[in-house]
Amino acid sequence: MARHYVISGPNGAMEKCIVRDIEITKTEIRDCTLYYVTLEACQVIDSKLYNCNTFNSTIKGSRLVDTQLHRTCFETSKLSRCIITTSPLAFGKFPTELRLMIFKYCLYFENRRSPALLVALRGDEKLYKEAIQLFYTLNPFPLDHNMLARCYTLSLAALSRISKLEVECSRGHFGLPPLPQSLVRHSRISEIHLSCALASISYLWVIKALVKLDGVQKITIQWSFLFPIPHEDWDGRATWLSGRLGVAAEMPTPRKWVWSAPAGGVLKFF
């Protein structure tokens, strides 16, 4: 399941709700129950937190269980089996080159969840900046409807490191997500992997993307449905796109087509 994000402005607020498995930034949270939630720069009042992570936040009159608090102030709250850290993380004492070598082995995206190390570093602005830039260099950026809001919160440095897109339909959505302008303007996309059940939607998305992106070297389209859908001619559309790109499609596995530009070139739609 994709992880959700809530990013609010200075006056953003959540009240009297139950929240599970999301990341919340710059939000006032009042009288809520939170499970497996990551909070950054939030104010939490009269709430219950279970198995959460907090960074640079303030907590008042709440109950916390099995929660990690980094550089977080708390008043009149009850804590049970919590971990509290207030000093800079030890990684900051290592040379930059050594830190990046360590990060390289710990920052791979698995099951659409942020790596534990990346989450842990959010309390340290300098280390987090280093890690997030490397993270987007190593991993394809997962683009679905749930991740659209996240695109507009990334720093320019992080956006500039994104070179691979992994595009797919979100649960409950029929089509593919639009290509955010922040990625078009600031990222250098060289590879696109697209997964969808409908050929017509998939190929239309690719055409629009190639019009906006001028550095794409490889495109992979994968049919994500197990059974044939009437009137969806995947092979015919693949042949048509090959003609418009001037590059023959490879088919490494059934239901997957790959177009690669010649060495040193990019894919263009003619």
# chains A, B, ... in the order shown; residues from 1 in each chain; ligands from 1
>>> select_by_dssp(residues="segment 64-261 of chain A", states="strand (DSSP E)", output="mmCIF file with N, CA and C atoms, in the first residue's frame")
data_model
loop_
_atom_site.group_PDB
_atom_site.id
_atom_site.type_symbol
_atom_site.label_atom_id
_atom_site.label_comp_id
_atom_site.auth_asym_id
_atom_site.auth_seq_id
_atom_site.Cartn_x
_atom_site.Cartn_y
_atom_site.Cartn_z
ATOM 1 N N LEU A 64 1.721 8.712 24.862
ATOM 2 C CA LEU A 64 2.584 8.169 23.823
ATOM 3 C C LEU A 64 3.059 6.778 24.232
ATOM 4 N N VAL A 65 2.947 5.835 23.311
ATOM 5 C CA VAL A 65 3.355 4.456 23.566
ATOM 6 C C VAL A 65 4.248 3.980 22.424
ATOM 7 N N GLN A 68 9.075 7.181 19.142
ATOM 8 C CA GLN A 68 10.393 7.805 19.164
ATOM 9 C C GLN A 68 10.241 9.314 19.009
ATOM 10 N N LEU A 69 10.894 10.050 19.902
ATOM 11 C CA LEU A 69 10.816 11.505 19.882
ATOM 12 C C LEU A 69 12.217 12.071 19.688
ATOM 13 N N HIS A 70 12.417 12.781 18.591
ATOM 14 C CA HIS A 70 13.720 13.393 18.332
ATOM 15 C C HIS A 70 13.559 14.905 18.285
ATOM 16 N N CYS A 73 9.608 18.625 22.035
ATOM 17 C CA CYS A 73 9.243 19.103 23.372
ATOM 18 C C CYS A 73 7.904 18.496 23.774
ATOM 19 N N PHE A 74 7.792 18.067 25.020
ATOM 20 C CA PHE A 74 6.516 17.517 25.475
ATOM 21 C C PHE A 74 6.215 18.008 26.888
ATOM 22 N N GLU A 75 4.930 18.280 27.132
ATOM 23 C CA GLU A 75 4.478 18.786 28.421
ATOM 24 C C GLU A 75 3.262 17.985 28.885
ATOM 25 N N LYS A 78 1.982 11.509 29.076
ATOM 26 C CA LYS A 78 2.355 10.214 29.620
ATOM 27 C C LYS A 78 3.087 9.412 28.547
ATOM 28 N N LEU A 79 4.301 8.947 28.888
ATOM 29 C CA LEU A 79 5.120 8.205 27.939
ATOM 30 C C LEU A 79 5.327 6.781 28.426
ATOM 31 N N SER A 80 5.194 5.838 27.512
ATOM 32 C CA SER A 80 5.408 4.435 27.852
ATOM 33 C C SER A 80 6.258 3.779 26.764
ATOM 34 N N ILE A 83 11.401 6.344 23.173
ATOM 35 C CA ILE A 83 12.813 6.688 23.027
ATOM 36 C C ILE A 83 12.907 8.186 22.745
ATOM 37 N N ILE A 84 13.719 8.876 23.546
ATOM 38 C CA ILE A 84 13.844 10.326 23.414
ATOM 39 C C ILE A 84 15.285 10.668 23.055
ATOM 40 N N THR A 85 15.483 11.414 21.973
ATOM 41 C CA THR A 85 16.817 11.870 21.584
ATOM 42 C C THR A 85 16.778 13.374 21.383
ATOM 43 N N PHE A 141 11.353 7.272 -8.875
ATOM 44 C CA PHE A 141 10.346 8.019 -8.126
ATOM 45 C C PHE A 141 8.979 7.409 -8.407
ATOM 46 N N PRO A 142 8.262 6.931 -7.371
ATOM 47 C CA PRO A 142 6.954 6.299 -7.586
ATOM 48 C C PRO A 142 5.877 7.360 -7.784
ATOM 49 N N LEU A 143 5.341 7.428 -8.971
ATOM 50 C CA LEU A 143 4.340 8.445 -9.280
ATOM 51 C C LEU A 143 2.970 7.801 -9.420
ATOM 52 N N LYS A 164 14.491 8.622 -12.729
ATOM 53 C CA LYS A 164 13.651 7.492 -13.131
ATOM 54 C C LYS A 164 12.254 7.658 -12.539
ATOM 55 N N LEU A 165 11.248 7.407 -13.363
ATOM 56 C CA LEU A 165 9.858 7.469 -12.909
ATOM 57 C C LEU A 165 9.233 6.082 -12.978
ATOM 58 N N GLU A 166 8.479 5.751 -11.947
ATOM 59 C CA GLU A 166 7.700 4.514 -11.926
ATOM 60 C C GLU A 166 6.236 4.914 -11.803
ATOM 61 N N VAL A 167 5.508 4.844 -12.901
ATOM 62 C CA VAL A 167 4.157 5.395 -12.978
ATOM 63 C C VAL A 167 3.139 4.261 -12.962
ATOM 64 N N GLU A 168 2.108 4.410 -12.135
ATOM 65 C CA GLU A 168 1.062 3.391 -12.110
ATOM 66 C C GLU A 168 -0.239 3.978 -11.594
ATOM 67 N N GLU A 191 14.481 7.673 -17.607
ATOM 68 C CA GLU A 191 13.793 6.386 -17.729
ATOM 69 C C GLU A 191 12.381 6.489 -17.162
ATOM 70 N N ILE A 192 11.443 5.858 -17.863
ATOM 71 C CA ILE A 192 10.053 5.808 -17.414
ATOM 72 C C ILE A 192 9.583 4.366 -17.453
ATOM 73 N N HIS A 193 9.063 3.895 -16.336
ATOM 74 C CA HIS A 193 8.445 2.572 -16.277
ATOM 75 C C HIS A 193 6.975 2.779 -15.948
ATOM 76 N N LEU A 194 6.110 2.359 -16.853
ATOM 77 C CA LEU A 194 4.686 2.628 -16.720
ATOM 78 C C LEU A 194 3.918 1.314 -16.640
ATOM 79 N N SER A 195 3.012 1.232 -15.668
ATOM 80 C CA SER A 195 2.221 0.020 -15.471
ATOM 81 C C SER A 195 0.747 0.385 -15.434
ATOM 82 N N CYS A 196 -0.032 -0.229 -16.330
ATOM 83 C CA CYS A 196 -1.450 0.114 -16.423
ATOM 84 C C CYS A 196 -2.203 -1.038 -17.080
ATOM 85 N N LYS A 218 14.815 5.733 -22.135
ATOM 86 C CA LYS A 218 14.243 4.387 -22.062
ATOM 87 C C LYS A 218 12.814 4.458 -21.537
ATOM 88 N N ILE A 219 11.924 3.717 -22.195
ATOM 89 C CA ILE A 219 10.525 3.638 -21.769
ATOM 90 C C ILE A 219 10.131 2.170 -21.672
ATOM 91 N N THR A 220 9.520 1.822 -20.560
ATOM 92 C CA THR A 220 8.983 0.476 -20.377
ATOM 93 C C THR A 220 7.493 0.588 -20.092
ATOM 94 N N ILE A 221 6.697 -0.137 -20.860
ATOM 95 C CA ILE A 221 5.254 -0.185 -20.621
ATOM 96 C C ILE A 221 4.884 -1.621 -20.282
ATOM 97 N N GLN A 222 4.223 -1.784 -19.153
ATOM 98 C CA GLN A 222 3.860 -3.122 -18.696
ATOM 99 C C GLN A 222 2.355 -3.210 -18.493
ATOM 100 N N TRP A 223 1.792 -4.242 -19.059
ATOM 101 C CA TRP A 223 0.360 -4.494 -18.907
ATOM 102 C C TRP A 223 0.147 -5.103 -17.531
ATOM 103 N N LYS A 256 5.169 -6.980 -21.561
ATOM 104 C CA LYS A 256 6.101 -5.890 -21.258
ATOM 105 C C LYS A 256 6.836 -5.491 -22.539
ATOM 106 N N TRP A 257 6.831 -4.172 -22.840
ATOM 107 C CA TRP A 257 7.500 -3.641 -24.021
ATOM 108 C C TRP A 257 8.513 -2.585 -23.585
ATOM 109 N N VAL A 258 9.688 -2.609 -24.189
ATOM 110 C CA VAL A 258 10.767 -1.694 -23.809
ATOM 111 C C VAL A 258 11.317 -1.016 -25.056
ATOM 112 N N TRP A 259 11.401 0.316 -25.001
ATOM 113 C CA TRP A 259 12.015 1.099 -26.073
ATOM 114 C C TRP A 259 13.255 1.787 -25.515
ATOM 115 N N SER A 260 14.381 1.613 -26.163
ATOM 116 C CA SER A 260 15.635 2.230 -25.720
ATOM 117 C C SER A 260 16.220 3.054 -26.855
#
>>> residues_around(residues="Phe91 of chain A", least_positions_apart="5", cutoff="10 Å", atoms="only C-alpha atoms", output="ChimeraX atom specification")
/A:96,98-99,102,121,124,127
>>> atom_distance(atom1="atom CA of Ile189 of chain A", atom2="atom CA of Arg150 of chain A")
17.0 Å
>>> select_by_dssp(residues="segment 100-246 of chain A", states="alpha helix (DSSP H)", output="ChimeraX atom specification")
/A:100-104,116-120,125-138,148-151,156-161,181-186,199-212,234-245
>>> closest_residue(among="A:Leu159, A:Gly92, A:Pro180, A:Phe109", to="Tyr128 of chain A", atoms="only C-alpha atoms")
A:Gly92
>>> decode(residues="segment 127-146 of chain A", atoms="N, CA and C atoms", output="PDB file, in the first residue's frame")
ATOM      1  N   LEU A 127      21.872  16.158   7.571  1.00  0.00           N
ATOM      2  CA  LEU A 127      21.983  14.757   7.175  1.00  0.00           C
ATOM      3  C   LEU A 127      20.808  14.330   6.304  1.00  0.00           C
ATOM      4  N   TYR A 128      19.638  14.834   6.624  1.00  0.00           N
ATOM      5  CA  TYR A 128      18.462  14.468   5.828  1.00  0.00           C
ATOM      6  C   TYR A 128      18.598  14.987   4.400  1.00  0.00           C
ATOM      7  N   LYS A 129      19.131  16.177   4.255  1.00  0.00           N
ATOM      8  CA  LYS A 129      19.316  16.740   2.913  1.00  0.00           C
ATOM      9  C   LYS A 129      20.274  15.879   2.097  1.00  0.00           C
ATOM     10  N   GLU A 130      21.361  15.439   2.733  1.00  0.00           N
ATOM     11  CA  GLU A 130      22.306  14.562   2.040  1.00  0.00           C
ATOM     12  C   GLU A 130      21.631  13.249   1.642  1.00  0.00           C
ATOM     13  N   ALA A 131      20.874  12.685   2.578  1.00  0.00           N
ATOM     14  CA  ALA A 131      20.268  11.373   2.345  1.00  0.00           C
ATOM     15  C   ALA A 131      19.170  11.433   1.288  1.00  0.00           C
ATOM     16  N   ILE A 132      18.333  12.471   1.327  1.00  0.00           N
ATOM     17  CA  ILE A 132      17.207  12.529   0.394  1.00  0.00           C
ATOM     18  C   ILE A 132      17.694  12.725  -1.034  1.00  0.00           C
ATOM     19  N   GLN A 133      18.783  13.459  -1.201  1.00  0.00           N
ATOM     20  CA  GLN A 133      19.321  13.637  -2.548  1.00  0.00           C
ATOM     21  C   GLN A 133      19.858  12.315  -3.095  1.00  0.00           C
ATOM     22  N   LEU A 134      20.554  11.569  -2.262  1.00  0.00           N
ATOM     23  CA  LEU A 134      21.069  10.269  -2.697  1.00  0.00           C
ATOM     24  C   LEU A 134      19.929   9.275  -2.905  1.00  0.00           C
ATOM     25  N   PHE A 135      18.915   9.368  -2.064  1.00  0.00           N
ATOM     26  CA  PHE A 135      17.761   8.472  -2.172  1.00  0.00           C
ATOM     27  C   PHE A 135      17.113   8.573  -3.550  1.00  0.00           C
ATOM     28  N   TYR A 136      16.925   9.792  -4.037  1.00  0.00           N
ATOM     29  CA  TYR A 136      16.276   9.959  -5.333  1.00  0.00           C
ATOM     30  C   TYR A 136      17.218   9.677  -6.497  1.00  0.00           C
ATOM     31  N   THR A 137      18.507   9.631  -6.227  1.00  0.00           N
ATOM     32  CA  THR A 137      19.451   9.197  -7.250  1.00  0.00           C
ATOM     33  C   THR A 137      19.406   7.679  -7.409  1.00  0.00           C
ATOM     34  N   LEU A 138      19.260   6.972  -6.308  1.00  0.00           N
ATOM     35  CA  LEU A 138      19.301   5.510  -6.322  1.00  0.00           C
ATOM     36  C   LEU A 138      17.981   4.876  -6.751  1.00  0.00           C
ATOM     37  N   ASN A 139      16.867   5.528  -6.457  1.00  0.00           N
ATOM     38  CA  ASN A 139      15.561   4.892  -6.627  1.00  0.00           C
ATOM     39  C   ASN A 139      14.705   5.576  -7.681  1.00  0.00           C
ATOM     40  N   PRO A 140      13.872   4.805  -8.373  1.00  0.00           N
ATOM     41  CA  PRO A 140      12.874   5.438  -9.236  1.00  0.00           C
ATOM     42  C   PRO A 140      11.839   6.153  -8.381  1.00  0.00           C
ATOM     43  N   PHE A 141      11.353   7.272  -8.875  1.00  0.00           N
ATOM     44  CA  PHE A 141      10.346   8.019  -8.126  1.00  0.00           C
ATOM     45  C   PHE A 141       8.979   7.409  -8.407  1.00  0.00           C
ATOM     46  N   PRO A 142       8.262   6.931  -7.371  1.00  0.00           N
ATOM     47  CA  PRO A 142       6.954   6.299  -7.586  1.00  0.00           C
ATOM     48  C   PRO A 142       5.877   7.360  -7.784  1.00  0.00           C
ATOM     49  N   LEU A 143       5.341   7.428  -8.971  1.00  0.00           N
ATOM     50  CA  LEU A 143       4.340   8.445  -9.280  1.00  0.00           C
ATOM     51  C   LEU A 143       2.970   7.801  -9.420  1.00  0.00           C
ATOM     52  N   ASP A 144       2.113   8.043  -8.448  1.00  0.00           N
ATOM     53  CA  ASP A 144       0.707   7.677  -8.545  1.00  0.00           C
ATOM     54  C   ASP A 144      -0.100   8.810  -7.924  1.00  0.00           C
ATOM     55  N   HIS A 145      -1.407   8.671  -7.867  1.00  0.00           N
ATOM     56  CA  HIS A 145      -2.234   9.770  -7.372  1.00  0.00           C
ATOM     57  C   HIS A 145      -1.932  10.110  -5.914  1.00  0.00           C
ATOM     58  N   ASN A 146      -1.522   9.129  -5.134  1.00  0.00           N
ATOM     59  CA  ASN A 146      -1.227   9.384  -3.725  1.00  0.00           C
ATOM     60  C   ASN A 146       0.068  10.164  -3.530  1.00  0.00           C
TER      61      ASN A 146
END
